[in-house]
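Text of the file work_35.tsv, holding TSV, C-alpha atoms:
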chain	number	residue	atom	x	y	z
A	520	MET	CA	4.17	-12.14	19.95
A	521	LYS	CA	2.15	-11.65	16.76
A	522	LYS	CA	0.37	-8.72	18.35
A	523	ASN	CA	3.63	-7.02	19.29
A	524	ILE	CA	4.85	-7.43	15.71
A	525	LEU	CA	1.74	-5.81	14.28
A	526	GLY	CA	2.08	-3.01	16.81
A	527	ILE	CA	5.51	-2.16	15.41
A	528	ILE	CA	4.19	-1.27	11.96
A	529	ILE	CA	1.33	0.80	13.36
A	530	LEU	CA	3.47	2.74	15.81
A	531	SER	CA	6.10	3.31	13.14
A	532	PHE	CA	3.54	5.16	11.01
A	533	LEU	CA	2.85	7.49	13.94
A	534	ILE	CA	6.42	8.32	14.95
A	535	SER	CA	8.01	8.27	11.53
A	536	TYR	CA	8.01	11.96	10.64
A	537	SER	CA	10.64	12.95	13.20
A	538	VAL	CA	12.77	9.94	12.29
A	539	VAL	CA	12.74	10.69	8.58
A	540	ALA	CA	13.35	14.39	9.10
A	541	SER	CA	16.44	13.56	11.14
A	542	HIS	CA	17.69	10.75	8.89
A	543	PRO	CA	16.44	11.41	5.35
A	544	ASP	CA	18.96	9.05	3.78
A	545	GLU	CA	17.60	6.10	5.76
A	546	SER	CA	14.12	6.27	4.27
A	547	HIS	CA	12.83	3.76	1.75
A	548	SER	CA	11.31	5.62	-1.17
A	549	HIS	CA	8.64	4.30	-3.54
A	550	GLY	CA	8.96	7.28	-5.84
A	551	ASN	CA	6.37	9.36	-3.98
A	552	LYS	CA	8.52	10.80	-1.22
A	553	HIS	CA	10.21	14.18	-1.28
A	554	GLU	CA	13.46	13.00	0.29
A	555	ASN	CA	15.52	16.18	-0.15
A	556	ALA	CA	12.96	18.58	1.30
A	557	PRO	CA	13.71	19.95	4.79
A	558	SER	CA	10.09	19.30	5.71
A	559	PRO	CA	7.30	17.26	4.09
A	560	ALA	CA	5.94	18.89	0.95
A	561	ILE	CA	2.22	19.43	0.47
A	562	ILE	CA	0.98	17.10	-2.25
A	563	THR	CA	-1.27	19.01	-4.63
A	564	ASN	CA	-1.54	16.32	-7.31
A	565	ASP	CA	-4.57	14.14	-6.57
A	566	ASN	CA	-3.14	11.01	-8.15
A	567	GLU	CA	0.02	11.28	-6.07
A	568	TYR	CA	-2.09	11.89	-2.97
A	569	LEU	CA	-4.24	8.82	-3.61
A	570	THR	CA	-1.19	6.75	-4.51
A	571	ASN	CA	0.41	7.51	-1.15
A	572	LEU	CA	-2.75	6.59	0.73
A	573	ASN	CA	-2.95	3.31	-1.15
A	574	LEU	CA	0.71	2.57	-0.48
A	575	MET	CA	-0.09	2.84	3.22
A	576	LYS	CA	-3.05	0.52	2.74
A	577	GLY	CA	-0.83	-1.93	0.90
A	578	HIS	CA	1.78	-1.92	3.66
A	579	LEU	CA	-0.82	-2.48	6.36
A	580	TRP	CA	-2.52	-5.22	4.35
A	581	VAL	CA	0.76	-7.12	3.99
A	582	GLY	CA	1.45	-6.72	7.71
A	583	ILE	CA	-1.96	-8.08	8.64
A	584	GLU	CA	-1.69	-11.01	6.24
A	585	LEU	CA	1.70	-11.97	7.67
A	586	TYR	CA	0.25	-11.67	11.16
A	587	LYS	CA	-2.71	-13.89	10.29
A	588	THR	CA	-0.53	-16.61	8.78
A	589	SER	CA	1.74	-16.74	11.85
A	590	SER	CA	4.86	-15.99	9.79
A	591	ILE	CA	6.36	-14.47	12.90
A	592	ASP	CA	10.04	-14.13	11.98
A	593	ASN	CA	9.25	-12.89	8.50
A	594	ALA	CA	6.59	-10.52	9.80
A	595	LYS	CA	9.01	-9.10	12.36
A	596	MET	CA	11.55	-8.25	9.68
A	597	HIS	CA	8.85	-6.94	7.36
A	598	MET	CA	7.53	-4.55	10.00
A	599	LYS	CA	11.03	-3.11	10.35
A	600	HIS	CA	11.20	-2.46	6.61
A	601	PRO	CA	11.85	1.33	6.32
A	602	LYS	CA	8.67	2.48	4.60
A	603	SER	CA	6.71	3.95	7.49
A	604	GLU	CA	7.64	7.57	6.72
A	605	LEU	CA	4.52	7.83	4.58
A	606	TYR	CA	2.03	8.88	7.25
A	607	GLY	CA	4.18	11.57	8.83
A	608	ASP	CA	4.95	13.09	5.46
A	609	MET	CA	1.24	13.21	4.63
A	610	VAL	CA	0.21	15.27	7.67
A	611	PRO	CA	0.82	18.70	6.04
A	612	THR	CA	-1.17	17.53	3.01
A	613	PHE	CA	-4.08	16.39	5.19
A	614	LYS	CA	-4.16	19.82	6.82
A	615	ALA	CA	-3.95	21.66	3.50
A	616	ARG	CA	-6.82	19.61	2.06
A	617	GLY	CA	-8.93	19.81	5.21
A	618	ALA	CA	-8.77	16.02	5.55
A	619	PRO	CA	-8.99	14.54	9.06
A	620	GLY	CA	-6.10	12.09	8.76
A	621	PHE	CA	-6.32	8.83	10.67
A	622	ALA	CA	-3.81	8.99	13.53
A	623	THR	CA	-6.51	8.09	16.06
A	624	GLU	CA	-7.44	4.92	14.20
A	625	LEU	CA	-3.77	3.96	13.97
A	626	GLU	CA	-3.41	4.51	17.71
A	627	ASN	CA	-6.55	2.49	18.45
A	628	LEU	CA	-5.31	-0.46	16.43
A	629	SER	CA	-1.89	-0.17	18.05
A	630	SER	CA	-3.46	-0.14	21.51
A	631	SER	CA	-5.51	-3.27	20.86
A	632	VAL	CA	-2.44	-5.07	19.52
A	633	GLN	CA	-0.18	-3.99	22.37
A	634	SER	CA	-2.84	-5.07	24.88
A	635	GLU	CA	-3.06	-8.47	23.14
A	636	GLU	CA	-6.79	-8.19	22.64
A	637	SER	CA	-8.77	-10.77	20.70
A	638	ILE	CA	-8.41	-11.36	16.97
A	639	LYS	CA	-11.94	-10.03	16.52
A	640	ILE	CA	-11.07	-6.69	18.13
A	641	VAL	CA	-7.83	-6.40	16.16
A	642	ASN	CA	-9.63	-7.14	12.90
A	643	ASP	CA	-12.44	-4.71	13.74
A	644	ARG	CA	-9.97	-1.92	14.42
A	645	TYR	CA	-8.04	-2.79	11.28
A	646	SER	CA	-11.30	-2.45	9.33
A	647	ASN	CA	-12.04	0.86	11.06
A	648	LEU	CA	-8.59	2.09	10.03
A	649	PHE	CA	-9.25	1.24	6.38
A	650	VAL	CA	-12.58	3.08	6.54
A	651	ALA	CA	-10.78	6.12	7.96
A	652	ILE	CA	-8.14	6.03	5.23
A	653	SER	CA	-10.88	5.75	2.61
A	654	LYS	CA	-12.59	8.86	4.02
A	655	ASN	CA	-9.37	10.79	3.47
A	656	GLU	CA	-9.43	9.65	-0.15
A	657	GLU	CA	-12.54	11.78	-0.64
A	658	PHE	CA	-10.56	15.02	-0.27
A	659	ILE	CA	-9.72	15.41	-3.93
A	660	THR	CA	-10.85	17.71	-6.73
A	661	GLN	CA	-14.36	16.96	-7.97
A	662	GLY	CA	-14.17	14.70	-11.00
A	663	ASN	CA	-10.85	13.16	-10.04
A	664	ASP	CA	-12.68	10.08	-8.83
A	665	SER	CA	-13.76	9.25	-12.39
A	666	ILE	CA	-13.05	5.84	-13.87
A	667	ASP	CA	-10.22	7.24	-16.00
A	668	LYS	CA	-8.62	8.68	-12.87
A	669	LYS	CA	-9.08	5.35	-11.08
A	670	ILE	CA	-7.30	3.59	-13.91
A	671	LYS	CA	-4.49	6.13	-13.69
A	672	LEU	CA	-4.20	5.31	-9.97
A	673	VAL	CA	-4.08	1.60	-10.77
A	674	ILE	CA	-1.22	2.22	-13.20
A	675	SER	CA	0.68	4.29	-10.62
A	676	LEU	CA	0.40	1.52	-8.03
A	677	LEU	CA	1.44	-1.14	-10.53
A	678	GLU	CA	4.47	0.90	-11.60
A	679	ILE	CA	5.65	0.95	-7.99
A	680	ALA	CA	4.77	-2.73	-7.58
A	681	ALA	CA	6.92	-3.57	-10.62
A	682	LYS	CA	9.91	-1.75	-9.12
A	683	GLU	CA	9.45	-3.55	-5.81
A	684	TYR	CA	9.08	-6.94	-7.47
A	685	ALA	CA	12.23	-6.35	-9.54
A	686	ILE	CA	14.13	-5.82	-6.30
A	687	GLY	CA	12.47	-8.78	-4.60
A	688	ILE	CA	12.80	-11.39	-7.35
A	689	VAL	CA	15.92	-11.54	-9.53
A	690	ASN	CA	16.18	-14.31	-12.12
A	691	GLY	CA	13.65	-16.32	-10.15
A	692	LYS	CA	15.60	-16.05	-6.91
A	693	VAL	CA	14.10	-14.36	-3.86
A	694	GLU	CA	16.58	-11.55	-3.21
A	695	ASN	CA	14.33	-9.43	-0.98
A	696	VAL	CA	11.18	-11.03	0.37
A	697	TYR	CA	9.90	-7.76	1.86
A	698	GLU	CA	9.86	-5.95	-1.49
A	699	TYR	CA	8.22	-9.03	-3.02
A	700	GLN	CA	5.48	-8.77	-0.38
A	701	ASP	CA	5.13	-5.02	-0.85
A	702	ALA	CA	4.51	-5.57	-4.56
A	703	LEU	CA	1.63	-7.90	-3.70
A	704	GLY	CA	0.15	-5.36	-1.30
A	705	PHE	CA	0.23	-2.58	-3.90
A	706	THR	CA	-1.22	-4.83	-6.61
A	707	THR	CA	-4.00	-5.87	-4.24
A	708	MET	CA	-4.86	-2.22	-3.55
A	709	ALA	CA	-4.89	-1.53	-7.30
A	710	LYS	CA	-7.47	-4.26	-7.79
A	711	ASN	CA	-9.51	-3.14	-4.77
A	712	ASN	CA	-9.87	0.33	-6.28
A	713	LEU	CA	-11.53	-1.19	-9.33
A	714	LEU	CA	-13.75	-3.52	-7.32
A	715	ASP	CA	-15.14	-0.47	-5.51
A	716	ILE	CA	-16.37	1.13	-8.74
A	717	ASN	CA	-20.12	1.07	-9.31
A	718	THR	CA	-21.13	2.11	-12.80
A	719	LYS	CA	-24.08	1.45	-15.09
A	720	ASN	CA	-22.14	2.38	-18.20
A	721	ILE	CA	-21.68	-0.82	-20.21
A	722	ASN	CA	-18.44	0.36	-21.83
A	723	ASN	CA	-16.91	1.27	-18.48
A	724	LYS	CA	-18.03	-2.03	-16.98
A	725	LEU	CA	-16.24	-3.82	-19.80
A	726	ARG	CA	-13.08	-1.77	-19.30
A	727	ILE	CA	-13.04	-2.49	-15.58
A	728	SER	CA	-13.66	-6.19	-16.17
A	729	LYS	CA	-10.77	-6.39	-18.64
A	730	ILE	CA	-8.38	-4.67	-16.23
A	731	ILE	CA	-9.42	-6.89	-13.32
A	732	ASP	CA	-8.74	-9.91	-15.54
A	733	ILE	CA	-5.25	-8.54	-16.22
A	734	LEU	CA	-4.65	-8.04	-12.50
A	735	ASN	CA	-5.87	-11.55	-11.71
A	736	PHE	CA	-3.41	-12.85	-14.30
A	737	LEU	CA	-0.62	-11.35	-12.16
A	738	LEU	CA	-1.49	-13.30	-9.01
A	739	PRO	CA	0.69	-16.35	-9.86
A	740	LEU	CA	3.67	-14.02	-9.39
A	741	TRP	CA	3.04	-14.52	-5.66
A	742	PRO	CA	2.51	-18.27	-5.15
A	743	GLU	CA	3.28	-17.83	-1.45
A	744	LEU	CA	3.32	-14.88	0.90
A	745	VAL	CA	6.55	-16.17	2.39
A	746	PRO	CA	8.27	-18.19	-0.37
A	747	ASN	CA	10.55	-21.06	0.60
A	748	SER	CA	11.94	-21.66	-2.88
A	749	ASN	CA	12.60	-19.89	-6.17
A	750	ILE	CA	9.73	-18.01	-7.83
A	751	ASP	CA	8.79	-18.39	-11.48
A	752	GLY	CA	8.09	-14.70	-11.86
A	753	ASP	CA	9.50	-11.55	-13.40
A	754	ALA	CA	8.71	-7.86	-12.91
A	755	ARG	CA	8.37	-7.56	-16.68
A	756	THR	CA	5.04	-9.36	-16.35
A	757	ILE	CA	3.74	-6.41	-14.32
A	758	ILE	CA	5.21	-3.94	-16.80
A	759	ASP	CA	3.50	-5.79	-19.66
A	760	ALA	CA	0.23	-5.63	-17.71
A	761	ILE	CA	0.60	-1.86	-17.37
A	762	GLU	CA	1.02	-1.49	-21.13
A	763	LYS	CA	-2.10	-3.58	-21.74
A	764	ILE	CA	-4.10	-1.48	-19.28
A	765	LYS	CA	-3.00	1.75	-20.95
A	766	LYS	CA	-4.57	0.53	-24.19
A	767	ILE	CA	-7.97	-0.22	-22.65
As structure tokens, the full file:
Amino acid sequence: MKKNILGIIILSFLISYSVVASHPDESHSHGNKHENAPSPAIITNDNEYLTNLNLMKGHLWVGIELYKTSSIDNAKMHMKHPKSELYGDMVPTFKARGAPGFATELENLSSSVQSEESIKIVNDRYSNLFVAISKNEEFITQGNDSIDKKIKLVISLLEIAAKEYAIGIVNGKVENVYEYQDALGFTTMAKNNLLDINTKNINNKLRISKIIDILNFLLPLWPELVPNSNIDGDARTIIDAIEKIKKI
């Protein structure tokens, strides 16, 4: 059953473009979707491009974590959460940038899940998918992978995470567990982008370390992946973190 659940999110990425084009009002926007356009717009801004790729990573990460923890009912509802328009809308941008996309890797992971293959195979194909997504992240303007640009990406992801968390947790009450989980996925991807940086510059190392500390400070906002009680958390904590990062 877990494998069928995971298959839903993967397949939804692949078929989403036609669904969103036919029902634009049913899509779930994170501020990076061109909802009113008759067809997906080509994203020319590198930060927006990278943000969208990392949103997809965040969604997939949450789906896998739910799958691993056997939160079947919650995972099933989460996979139905209307966010899967992202891949379809990115296809014109991949073509314009000369990027390969990663439909094949999505299909491979979906196939292994639908065939109920072993956890090892599913995890291997999940890892292959992340490698493929990362390769597409290379198709940006030279210099836009600088540390300052990485920090800008972190801020973009946290801004979306804050919006999601504000929907998910209201006055400590879990109003929407799926948005709460999305916020964790996006925050995790923000941190991962910093962990991938390799620099010998002492000042930049210090900046990265300070930002990672700020991101680690946010983790108590998600005491559980599937909370069973009220959460002592507020989206303003993420907003405050963004302001601190901007000053570093």
Check: A:Val581, A:Leu703, A:Ile674, A:Val610: which is nearest Asp759 (chain A), counting all atoms listed in the file?
Finding: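 Going through A:Val581, A:Leu703, A:Ile674, A:Val610 one by one, the smallest distance to Asp759 (chain A) is for A:Ile674.
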Check: Taking into account only C-alpha atoms, which residue in the set A:Asp667, A:Glu656, A:Glu694, A:Glu762 is nearest to Lys576 (chain A)?
Finding: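 When distances to Lys576 (chain A) are compared using only C-alpha atoms, the smallest one comes from A:Glu656.
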Notebook entry, point to check: Of the residues A:Ile758, A:Ile679, A:Leu625, A:Ile767, which is the one nearest to Ile652 (chain A), using only C-alpha atoms?
Noted result: A:Leu625
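Compared by their closest atoms to Tyr684 (chain A), and using all atoms listed in the file, the residues A:Tyr645, A:Phe658, A:Tyr606, A:Trp741 rank with A:Trp741 nearest.
Using all atoms listed in the file, the shortest contact distance between Leu672 (chain A) and any of A:Lys766, A:Arg755, A:Lys710, A:Lys614 is found at A:Lys710.
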Margin query: One number please: CA of Asn571 (chain A) to CA of Asp751 (chain A), in Å, one decimal.
Written below: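 CA of Asn571 (chain A) sits 29.1 Å away from CA of Asp751 (chain A).
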Item checked: Closest of A:Ala615, A:Ala622, A:Ala702, A:Ala754 to Phe649 (chain A) - atom-to-atom distances counting all atoms listed in the file ->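 Closest to Phe649 (chain A) of all the choices is A:Ala622.
What separates CA of Tyr697 (chain A) from CA of Leu676 (chain A) is a distance of 16.6 Å.
When CA of Glu567 (chain A) is paired with CA of Lys719 (chain A), their separation reads 27.5 Å.
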Per residue of region 692-767 of chain A within 9 Å of region 577-580 of chain A, note the shortest atom pair and the distance in Å to one decimal, counting only C-alpha atoms, and order the rows by chain and increasing residue number, as JSON lines.
{"residue": "A:Gln700", "atom": "CA", "partner": "A:His578", "partner_atom": "CA", "distance": 8.8}
{"residue": "A:Asp701", "atom": "CA", "partner": "A:His578", "partner_atom": "CA", "distance": 6.4}
{"residue": "A:Ala702", "atom": "CA", "partner": "A:Gly577", "partner_atom": "CA", "distance": 8.5}
{"residue": "A:Leu703", "atom": "CA", "partner": "A:Gly577", "partner_atom": "CA", "distance": 7.9}
{"residue": "A:Gly704", "atom": "CA", "partner": "A:Gly577", "partner_atom": "CA", "distance": 4.2}
{"residue": "A:Phe705", "atom": "CA", "partner": "A:Gly577", "partner_atom": "CA", "distance": 5.0}
{"residue": "A:Thr706", "atom": "CA", "partner": "A:Gly577", "partner_atom": "CA", "distance": 8.1}
{"residue": "A:Thr707", "atom": "CA", "partner": "A:Gly577", "partner_atom": "CA", "distance": 7.2}
{"residue": "A:Met708", "atom": "CA", "partner": "A:Gly577", "partner_atom": "CA", "distance": 6.0}
Next item on the list: Pick out the residues sitting within 12 Å of Leu744 (chain A), and hand them over as a list in words; count all atoms listed in the file, and ignore anything fewer than 5 positions along from it in its own chain.
Entry: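 The neighbour list is Trp580, Val581, Gly582, Ile583, Glu584, Leu585, Tyr586, Lys587, Thr588, Ser589, Ser590, Asn593, Ala594, His597, Val693, Val696, Tyr697, Glu698, Tyr699, Gln700, Asp701, Ala702, Leu703, Gly704, Leu738, Pro739 and Ile750 of chain A.
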For region 639-643 of chain A, take all atoms listed in the file, fit an axis-aligned box around them, add 5 Å to each of the six sides, then output centre and edge lengths in Å rounded to one decimal, as AutoDock Vina command-line options.
--center_x -10.1 --center_y -7.4 --center_z 15.5 --size_x 14.6 --size_y 15.3 --size_z 15.2
